[in-house]
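Participant: The structure follows.
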Amino acid sequence: MMRVSQLHFGNKMSDTIFHKIIDRRIPADIVYEDEHLIAFRDIAPQAPVHVLFVPKITIPTLNDVQPGQAGIVGRLAIAAANYAKAQGFAEDGYRIVMNCNDHGGQTVFQIHLHLLAGAPLGRFG
Ligand code: AMP
């Protein structure tokens, strides 16, 4: 089976640290996985709960999502909500964030949803 890291996306990096986690080339604290996506704890948590939801297909930024790939963005959000329900903090609430490019603060160029929870997070926006 072709590894996700073998896929190429224009001249953008298609072997990020998240591809290495998907391929089990580096370890991560994985909390959920299915055929479409993987979720693992952020190495530098910004809240008591900080989990990243990452698709297995290569998509560097939100700008690169094609119309036919809209479903994976929904899957990331639903997986995050399901995780919140399973962990018992869905009713207390949480925040999901997707950074894009330089001004958005994106540092890993494989799209990912941040799930932040576990305490009041303050106003945003
Ligand atoms: P972003 O800045 O939106 O691209 O988010 C990238 C996130 O990946 C940051 O919150 C980092 O702390 C996190 N991160 C980087 N390397 C790892 C890793 N090896 N395992 C888990 N999280 C990581």
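Simple scheme: letters A, B, ... for chains in structure tokens order, numbers from 1 for residues in each chain, numbers from 1 for ligands in the order shown.
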Could you list, as a list of chain:residue names, all residues that come within 6 Å of ligand 1? Count only C-alpha atoms and all ligand atoms.
Facilitator: A:Ala28, A:Arg41, A:Asp42, A:Ile43, A:Ala44, A:Asn99, A:Gly105, A:Gln106, A:Thr107, A:Val108
Participant: What lies within 12 Å of Gly93 in chain A using only C-alpha atoms, ignoring chain neighbours under 6 positions off, as a list in words?
Facilitator: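 The contact residues come out as Val49, Ala80, Ala81, Tyr83, Ala84, Lys85, Gln87, Leu115, Leu116, Ala117, Gly118, Ala119, Pro120, Leu121 and Gly122 of chain A.
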Participant: Would you put the residues from that selection into a file with all heavy atoms, as an mmCIF file, in the first residue's frame?
Facilitator:
```cif
data_model
loop_
_atom_site.group_PDB
_atom_site.id
_atom_site.type_symbol
_atom_site.label_atom_id
_atom_site.label_comp_id
_atom_site.auth_asym_id
_atom_site.auth_seq_id
_atom_site.Cartn_x
_atom_site.Cartn_y
_atom_site.Cartn_z
ATOM 1 N N VAL A 49 -6.893 19.808 27.546
ATOM 2 C CA VAL A 49 -7.064 18.848 26.453
ATOM 3 C C VAL A 49 -6.665 19.559 25.164
ATOM 4 O O VAL A 49 -7.192 20.637 24.860
ATOM 5 C CB VAL A 49 -8.527 18.365 26.338
ATOM 6 C CG1 VAL A 49 -8.690 17.438 25.131
ATOM 7 C CG2 VAL A 49 -8.981 17.685 27.622
ATOM 8 N N ALA A 80 -13.800 15.186 16.073
ATOM 9 C CA ALA A 80 -13.508 15.991 17.261
ATOM 10 C C ALA A 80 -14.727 16.028 18.190
ATOM 11 O O ALA A 80 -14.591 15.868 19.415
ATOM 12 C CB ALA A 80 -13.093 17.408 16.847
ATOM 13 N N ALA A 81 -15.898 16.225 17.629
ATOM 14 C CA ALA A 81 -17.121 16.255 18.454
ATOM 15 C C ALA A 81 -17.359 14.894 19.103
ATOM 16 O O ALA A 81 -17.733 14.814 20.284
ATOM 17 C CB ALA A 81 -18.316 16.657 17.589
ATOM 18 N N TYR A 83 -15.131 12.723 19.892
ATOM 19 C CA TYR A 83 -14.130 12.564 20.953
ATOM 20 C C TYR A 83 -14.571 13.340 22.196
ATOM 21 O O TYR A 83 -14.482 12.830 23.326
ATOM 22 C CB TYR A 83 -12.770 13.070 20.460
ATOM 23 C CG TYR A 83 -11.674 12.924 21.482
ATOM 24 C CD1 TYR A 83 -11.066 11.699 21.707
ATOM 25 C CD2 TYR A 83 -11.251 14.024 22.232
ATOM 26 C CE1 TYR A 83 -10.060 11.556 22.652
ATOM 27 C CE2 TYR A 83 -10.249 13.888 23.181
ATOM 28 C CZ TYR A 83 -9.662 12.658 23.382
ATOM 29 O OH TYR A 83 -8.672 12.522 24.337
ATOM 30 N N ALA A 84 -15.070 14.559 21.988
ATOM 31 C CA ALA A 84 -15.545 15.368 23.116
ATOM 32 C C ALA A 84 -16.695 14.667 23.839
ATOM 33 O O ALA A 84 -16.744 14.641 25.083
ATOM 34 C CB ALA A 84 -15.985 16.742 22.617
ATOM 35 N N LYS A 85 -17.602 14.082 23.084
ATOM 36 C CA LYS A 85 -18.721 13.350 23.714
ATOM 37 C C LYS A 85 -18.201 12.142 24.477
ATOM 38 O O LYS A 85 -18.602 11.898 25.623
ATOM 39 C CB LYS A 85 -19.715 12.907 22.634
ATOM 40 C CG LYS A 85 -20.476 14.052 22.001
ATOM 41 C CD LYS A 85 -21.324 13.539 20.830
ATOM 42 C CE LYS A 85 -21.831 14.693 19.989
ATOM 43 N NZ LYS A 85 -22.441 14.242 18.724
ATOM 44 N N GLN A 87 -15.339 11.611 25.761
ATOM 45 C CA GLN A 87 -14.515 11.993 26.921
ATOM 46 C C GLN A 87 -15.324 12.752 27.971
ATOM 47 O O GLN A 87 -14.807 13.071 29.039
ATOM 48 C CB GLN A 87 -13.333 12.855 26.467
ATOM 49 C CG GLN A 87 -12.336 12.108 25.587
ATOM 50 C CD GLN A 87 -11.682 10.936 26.302
ATOM 51 O OE1 GLN A 87 -11.161 11.082 27.401
ATOM 52 N NE2 GLN A 87 -11.741 9.763 25.690
ATOM 53 N N LEU A 115 -8.303 20.587 18.670
ATOM 54 C CA LEU A 115 -9.406 20.517 19.632
ATOM 55 C C LEU A 115 -8.841 20.933 20.982
ATOM 56 O O LEU A 115 -7.898 20.305 21.493
ATOM 57 C CB LEU A 115 -9.963 19.094 19.714
ATOM 58 C CG LEU A 115 -10.941 18.812 20.863
ATOM 59 C CD1 LEU A 115 -12.220 19.626 20.714
ATOM 60 C CD2 LEU A 115 -11.257 17.329 20.941
ATOM 61 N N LEU A 116 -9.394 22.017 21.524
ATOM 62 C CA LEU A 116 -8.937 22.566 22.801
ATOM 63 C C LEU A 116 -10.089 22.521 23.790
ATOM 64 O O LEU A 116 -11.215 22.924 23.458
ATOM 65 C CB LEU A 116 -8.475 24.014 22.616
ATOM 66 C CG LEU A 116 -7.337 24.193 21.600
ATOM 67 C CD1 LEU A 116 -7.383 25.558 20.955
ATOM 68 C CD2 LEU A 116 -5.994 23.953 22.268
ATOM 69 N N ALA A 117 -9.806 22.029 24.996
ATOM 70 C CA ALA A 117 -10.889 21.857 25.967
ATOM 71 C C ALA A 117 -10.311 21.666 27.356
ATOM 72 O O ALA A 117 -9.090 21.708 27.550
ATOM 73 C CB ALA A 117 -11.738 20.642 25.566
ATOM 74 N N GLY A 118 -11.218 21.457 28.298
ATOM 75 C CA GLY A 118 -10.807 21.085 29.653
ATOM 76 C C GLY A 118 -10.816 22.227 30.640
ATOM 77 O O GLY A 118 -10.562 22.008 31.829
ATOM 78 N N ALA A 119 -11.085 23.440 30.179
ATOM 79 C CA ALA A 119 -11.167 24.613 31.042
ATOM 80 C C ALA A 119 -11.817 25.731 30.223
ATOM 81 O O ALA A 119 -11.821 25.656 28.979
ATOM 82 C CB ALA A 119 -9.770 25.048 31.493
ATOM 83 N N PRO A 120 -12.362 26.753 30.902
ATOM 84 C CA PRO A 120 -12.858 27.904 30.137
ATOM 85 C C PRO A 120 -11.701 28.493 29.330
ATOM 86 O O PRO A 120 -10.630 28.757 29.871
ATOM 87 C CB PRO A 120 -13.352 28.879 31.212
ATOM 88 C CG PRO A 120 -13.606 28.022 32.413
ATOM 89 C CD PRO A 120 -12.587 26.918 32.350
ATOM 90 N N LEU A 121 -11.920 28.691 28.054
ATOM 91 C CA LEU A 121 -10.843 29.105 27.154
ATOM 92 C C LEU A 121 -10.814 30.601 26.897
ATOM 93 O O LEU A 121 -9.928 31.107 26.201
ATOM 94 C CB LEU A 121 -10.975 28.360 25.807
ATOM 95 C CG LEU A 121 -10.838 26.833 25.931
ATOM 96 C CD1 LEU A 121 -11.254 26.154 24.645
ATOM 97 C CD2 LEU A 121 -9.418 26.444 26.307
ATOM 98 N N GLY A 122 -11.775 31.304 27.443
ATOM 99 C CA GLY A 122 -11.809 32.746 27.236
ATOM 100 C C GLY A 122 -12.437 33.081 25.903
ATOM 101 O O GLY A 122 -12.622 32.228 25.036
#
```
Participant: Looking at only C-alpha atoms, which of A:Gln46, A:Val73, A:Tyr94, A:Ile26 is the one that sits closest to Ile59 in chain A?
Facilitator: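 Checking each candidate against Ile59 in chain A, we get A:Val73 as the closest.
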Participant: Would you pick out the contacts of range 61-65 of chain A at 12 Å or less, using only C-alpha atoms, so that residues sharing its chain but fewer than 2 positions from it are not included, and give the list as JSON, numbers by chain?
Facilitator: {"A": [9, 10, 12, 13, 14, 54, 55, 57, 58, 59, 67, 68, 69, 70, 71, 72, 73, 74, 97, 98, 99, 100, 101, 102, 104, 105, 106, 107, 108, 109, 110, 111, 112, 113]}
Participant: Selected residues, N, CA, C and O atoms, written as a compact mmCIF listing (two decimals), in the first residue's frame, please.
Facilitator:
```txt
# COMPACT_ATOMS: atom_id res chain seq x y z
N PHE A 9 2.33 16.73 -3.65
CA PHE A 9 1.34 17.79 -3.81
C PHE A 9 2.07 19.02 -4.31
O PHE A 9 2.56 19.82 -3.53
N GLY A 10 2.14 19.12 -5.65
CA GLY A 10 2.84 20.25 -6.23
C GLY A 10 4.25 20.30 -5.67
O GLY A 10 4.91 19.29 -5.53
N LYS A 12 4.78 21.57 -2.67
CA LYS A 12 4.66 21.73 -1.23
C LYS A 12 5.08 20.44 -0.53
O LYS A 12 4.99 19.36 -1.08
N MET A 13 5.55 20.59 0.70
CA MET A 13 6.01 19.46 1.47
C MET A 13 4.89 18.44 1.64
O MET A 13 3.79 18.75 2.03
N SER A 14 5.21 17.18 1.28
CA SER A 14 4.21 16.12 1.46
C SER A 14 4.74 15.04 2.40
O SER A 14 4.25 13.93 2.40
N VAL A 54 -6.09 14.89 12.05
CA VAL A 54 -5.31 15.02 10.81
C VAL A 54 -5.82 14.02 9.77
O VAL A 54 -5.91 12.82 10.06
N PRO A 55 -6.10 14.48 8.54
CA PRO A 55 -6.52 13.53 7.50
C PRO A 55 -5.35 12.69 7.03
O PRO A 55 -4.19 13.11 7.11
N ILE A 57 -5.12 11.72 3.82
CA ILE A 57 -4.74 12.20 2.50
C ILE A 57 -3.97 13.52 2.66
O ILE A 57 -4.22 14.29 3.60
N THR A 58 -3.02 13.73 1.77
CA THR A 58 -2.18 14.92 1.86
C THR A 58 -2.93 16.16 1.38
O THR A 58 -3.36 16.21 0.23
N ILE A 59 -3.08 17.12 2.30
CA ILE A 59 -3.67 18.43 1.97
C ILE A 59 -2.87 19.45 2.78
O ILE A 59 -3.03 19.53 4.00
N PRO A 67 -13.04 20.73 -4.01
CA PRO A 67 -14.46 20.48 -3.74
C PRO A 67 -14.75 19.02 -3.40
O PRO A 67 -15.53 18.72 -2.50
N GLY A 68 -14.09 18.12 -4.09
CA GLY A 68 -14.32 16.70 -3.84
C GLY A 68 -13.76 16.20 -2.52
O GLY A 68 -13.99 15.05 -2.14
N GLN A 69 -13.00 17.06 -1.84
CA GLN A 69 -12.40 16.68 -0.55
C GLN A 69 -13.11 17.33 0.64
O GLN A 69 -12.65 17.23 1.77
N ALA A 70 -14.27 17.95 0.35
CA ALA A 70 -14.98 18.65 1.42
C ALA A 70 -15.33 17.70 2.56
O ALA A 70 -15.34 18.09 3.73
N GLY A 71 -15.61 16.46 2.21
CA GLY A 71 -16.03 15.49 3.22
C GLY A 71 -15.00 15.28 4.31
O GLY A 71 -15.36 15.09 5.48
N ILE A 72 -13.73 15.34 3.97
CA ILE A 72 -12.72 15.07 4.99
C ILE A 72 -12.69 16.18 6.04
O ILE A 72 -12.44 15.93 7.23
N VAL A 73 -12.98 17.40 5.62
CA VAL A 73 -13.01 18.50 6.59
C VAL A 73 -14.15 18.27 7.59
O VAL A 73 -13.99 18.45 8.81
N GLY A 74 -15.29 17.83 7.06
CA GLY A 74 -16.41 17.49 7.95
C GLY A 74 -16.07 16.32 8.86
O GLY A 74 -16.43 16.32 10.04
N VAL A 97 -9.96 24.73 16.04
CA VAL A 97 -9.22 25.78 15.31
C VAL A 97 -8.46 25.12 14.17
O VAL A 97 -7.90 24.04 14.34
N MET A 98 -8.46 25.77 13.00
CA MET A 98 -7.57 25.33 11.93
C MET A 98 -6.78 26.55 11.46
O MET A 98 -7.35 27.52 10.96
N ASN A 99 -5.47 26.53 11.67
CA ASN A 99 -4.61 27.63 11.25
C ASN A 99 -4.26 27.47 9.77
O ASN A 99 -4.09 26.35 9.29
N CYS A 100 -4.14 28.60 9.08
CA CYS A 100 -3.78 28.55 7.66
C CYS A 100 -2.67 29.54 7.35
O CYS A 100 -2.82 30.75 7.57
N ASN A 101 -1.55 28.97 6.89
CA ASN A 101 -0.42 29.77 6.39
C ASN A 101 0.16 30.72 7.45
O ASN A 101 -0.15 30.60 8.63
N ASP A 102 0.95 31.64 7.01
CA ASP A 102 1.78 32.45 7.90
C ASP A 102 0.97 33.27 8.90
O ASP A 102 1.18 33.18 10.12
N GLY A 104 -2.01 32.90 9.83
CA GLY A 104 -2.81 32.04 10.70
C GLY A 104 -1.97 31.28 11.72
O GLY A 104 -2.51 30.63 12.61
N GLY A 105 -0.65 31.35 11.55
CA GLY A 105 0.24 30.68 12.50
C GLY A 105 0.45 29.20 12.20
O GLY A 105 0.87 28.45 13.08
N GLN A 106 0.17 28.78 10.96
CA GLN A 106 0.34 27.36 10.63
C GLN A 106 1.83 27.02 10.57
O GLN A 106 2.61 27.72 9.91
N THR A 107 2.22 25.95 11.25
CA THR A 107 3.62 25.53 11.26
C THR A 107 3.83 24.16 10.64
O THR A 107 4.95 23.83 10.25
N VAL A 108 2.78 23.34 10.59
CA VAL A 108 2.87 22.02 9.97
C VAL A 108 1.93 22.02 8.77
O VAL A 108 0.71 22.24 8.93
N PHE A 109 2.50 21.76 7.58
CA PHE A 109 1.73 21.94 6.35
C PHE A 109 1.09 20.64 5.88
O PHE A 109 1.33 20.14 4.79
N GLN A 110 0.26 20.13 6.77
CA GLN A 110 -0.71 19.07 6.51
C GLN A 110 -1.90 19.49 7.37
O GLN A 110 -1.75 19.63 8.60
N ILE A 111 -3.07 19.73 6.73
CA ILE A 111 -4.16 20.33 7.50
C ILE A 111 -4.47 19.52 8.75
O ILE A 111 -4.36 18.30 8.76
N HIS A 112 -4.87 20.23 9.78
CA HIS A 112 -5.21 19.61 11.06
C HIS A 112 -6.12 20.53 11.83
O HIS A 112 -6.01 21.75 11.76
N LEU A 113 -7.02 19.87 12.56
CA LEU A 113 -7.94 20.59 13.42
C LEU A 113 -7.42 20.48 14.84
O LEU A 113 -7.13 19.38 15.31
```
Participant: Can you list every residue in chain A that DSSP puts in strand (DSSP E), as a ChimeraX atom specification?
Facilitator: /A:30-33,37-41,49-55,94-97,113-117
Participant: Could you pull out the helix (DSSP H, G or I) residues of chain A from DSSP and send them as number ranges by chain?
Facilitator: A: 4-6, 17-22, 62-64, 67-87, 101-104
Participant: For those residues, write N, CA and C atoms to a file as a compact mmCIF listing (two decimals), in the first residue's frame.
Facilitator:
```txt
# COMPACT_ATOMS: atom_id res chain seq x y z
N VAL A 4 1.17 7.49 2.80
CA VAL A 4 0.71 8.85 2.56
C VAL A 4 1.89 9.75 2.24
N SER A 5 3.07 9.44 2.81
CA SER A 5 4.23 10.28 2.58
C SER A 5 4.76 10.17 1.16
N GLN A 6 4.33 9.16 0.42
CA GLN A 6 4.80 9.01 -0.95
C GLN A 6 3.96 9.84 -1.92
N ILE A 17 5.85 16.15 9.62
CA ILE A 17 5.93 15.37 10.85
C ILE A 17 4.62 14.59 11.08
N PHE A 18 3.52 15.14 10.59
CA PHE A 18 2.24 14.42 10.77
C PHE A 18 2.15 13.20 9.85
N HIS A 19 2.74 13.29 8.64
CA HIS A 19 2.81 12.10 7.79
C HIS A 19 3.62 11.01 8.49
N LYS A 20 4.67 11.42 9.16
CA LYS A 20 5.52 10.43 9.87
C LYS A 20 4.75 9.79 11.02
N ILE A 21 3.90 10.55 11.67
CA ILE A 21 3.06 9.98 12.74
C ILE A 21 2.05 9.01 12.12
N ILE A 22 1.42 9.40 11.02
CA ILE A 22 0.45 8.51 10.35
C ILE A 22 1.11 7.19 9.96
N LEU A 62 -5.72 24.67 4.27
CA LEU A 62 -7.15 24.75 3.96
C LEU A 62 -7.37 25.30 2.56
N ASN A 63 -6.45 26.13 2.09
CA ASN A 63 -6.56 26.69 0.73
C ASN A 63 -6.51 25.61 -0.35
N ASP A 64 -5.94 24.47 -0.01
CA ASP A 64 -5.73 23.41 -1.00
C ASP A 64 -6.86 22.39 -1.06
N PRO A 67 -13.04 20.73 -4.01
CA PRO A 67 -14.46 20.48 -3.74
C PRO A 67 -14.75 19.02 -3.40
N GLY A 68 -14.09 18.12 -4.09
CA GLY A 68 -14.32 16.70 -3.84
C GLY A 68 -13.76 16.20 -2.52
N GLN A 69 -13.00 17.06 -1.84
CA GLN A 69 -12.40 16.68 -0.55
C GLN A 69 -13.11 17.33 0.64
N ALA A 70 -14.27 17.95 0.35
CA ALA A 70 -14.98 18.65 1.42
C ALA A 70 -15.33 17.70 2.56
N GLY A 71 -15.61 16.46 2.21
CA GLY A 71 -16.03 15.49 3.22
C GLY A 71 -15.00 15.28 4.31
N ILE A 72 -13.73 15.34 3.97
CA ILE A 72 -12.72 15.07 4.99
C ILE A 72 -12.69 16.18 6.04
N VAL A 73 -12.98 17.40 5.62
CA VAL A 73 -13.01 18.50 6.59
C VAL A 73 -14.15 18.27 7.59
N GLY A 74 -15.29 17.83 7.06
CA GLY A 74 -16.41 17.49 7.95
C GLY A 74 -16.07 16.32 8.86
N ARG A 75 -15.35 15.35 8.31
CA ARG A 75 -14.97 14.19 9.14
C ARG A 75 -14.09 14.61 10.30
N LEU A 76 -13.17 15.55 10.07
CA LEU A 76 -12.31 16.02 11.16
C LEU A 76 -13.15 16.64 12.28
N ALA A 77 -14.13 17.47 11.87
CA ALA A 77 -14.97 18.15 12.87
C ALA A 77 -15.83 17.14 13.63
N ILE A 78 -16.41 16.19 12.90
CA ILE A 78 -17.27 15.20 13.56
C ILE A 78 -16.44 14.31 14.48
N ALA A 79 -15.24 13.95 14.05
CA ALA A 79 -14.37 13.13 14.91
C ALA A 79 -14.03 13.89 16.19
N ALA A 80 -13.80 15.19 16.07
CA ALA A 80 -13.51 15.99 17.26
C ALA A 80 -14.73 16.03 18.19
N ALA A 81 -15.90 16.22 17.63
CA ALA A 81 -17.12 16.25 18.45
C ALA A 81 -17.36 14.89 19.10
N ASN A 82 -17.16 13.83 18.36
CA ASN A 82 -17.34 12.49 18.93
C ASN A 82 -16.35 12.24 20.06
N TYR A 83 -15.13 12.72 19.89
CA TYR A 83 -14.13 12.56 20.95
C TYR A 83 -14.57 13.34 22.20
N ALA A 84 -15.07 14.56 21.99
CA ALA A 84 -15.54 15.37 23.12
C ALA A 84 -16.69 14.67 23.84
N LYS A 85 -17.60 14.08 23.08
CA LYS A 85 -18.72 13.35 23.71
C LYS A 85 -18.20 12.14 24.48
N ALA A 86 -17.31 11.37 23.84
CA ALA A 86 -16.79 10.15 24.48
C ALA A 86 -16.01 10.46 25.75
N GLN A 87 -15.34 11.61 25.76
CA GLN A 87 -14.51 11.99 26.92
C GLN A 87 -15.32 12.75 27.97
N ASN A 101 -1.55 28.97 6.89
CA ASN A 101 -0.42 29.77 6.39
C ASN A 101 0.16 30.72 7.45
N ASP A 102 0.95 31.64 7.01
CA ASP A 102 1.78 32.45 7.90
C ASP A 102 0.97 33.27 8.90
N HIS A 103 0.01 34.05 8.41
CA HIS A 103 -0.75 34.90 9.32
C HIS A 103 -1.63 34.11 10.26
N GLY A 104 -2.01 32.90 9.83
CA GLY A 104 -2.81 32.04 10.70
C GLY A 104 -1.97 31.28 11.72
```
Participant: Would you pick out the contacts of Leu52 in chain A at 6 Å or less, using only C-alpha atoms, so that residues sharing its chain but fewer than 4 positions from it are not included, and give the list as JSON, numbers by chain?
Facilitator: {"A": [39, 40, 113, 114]}
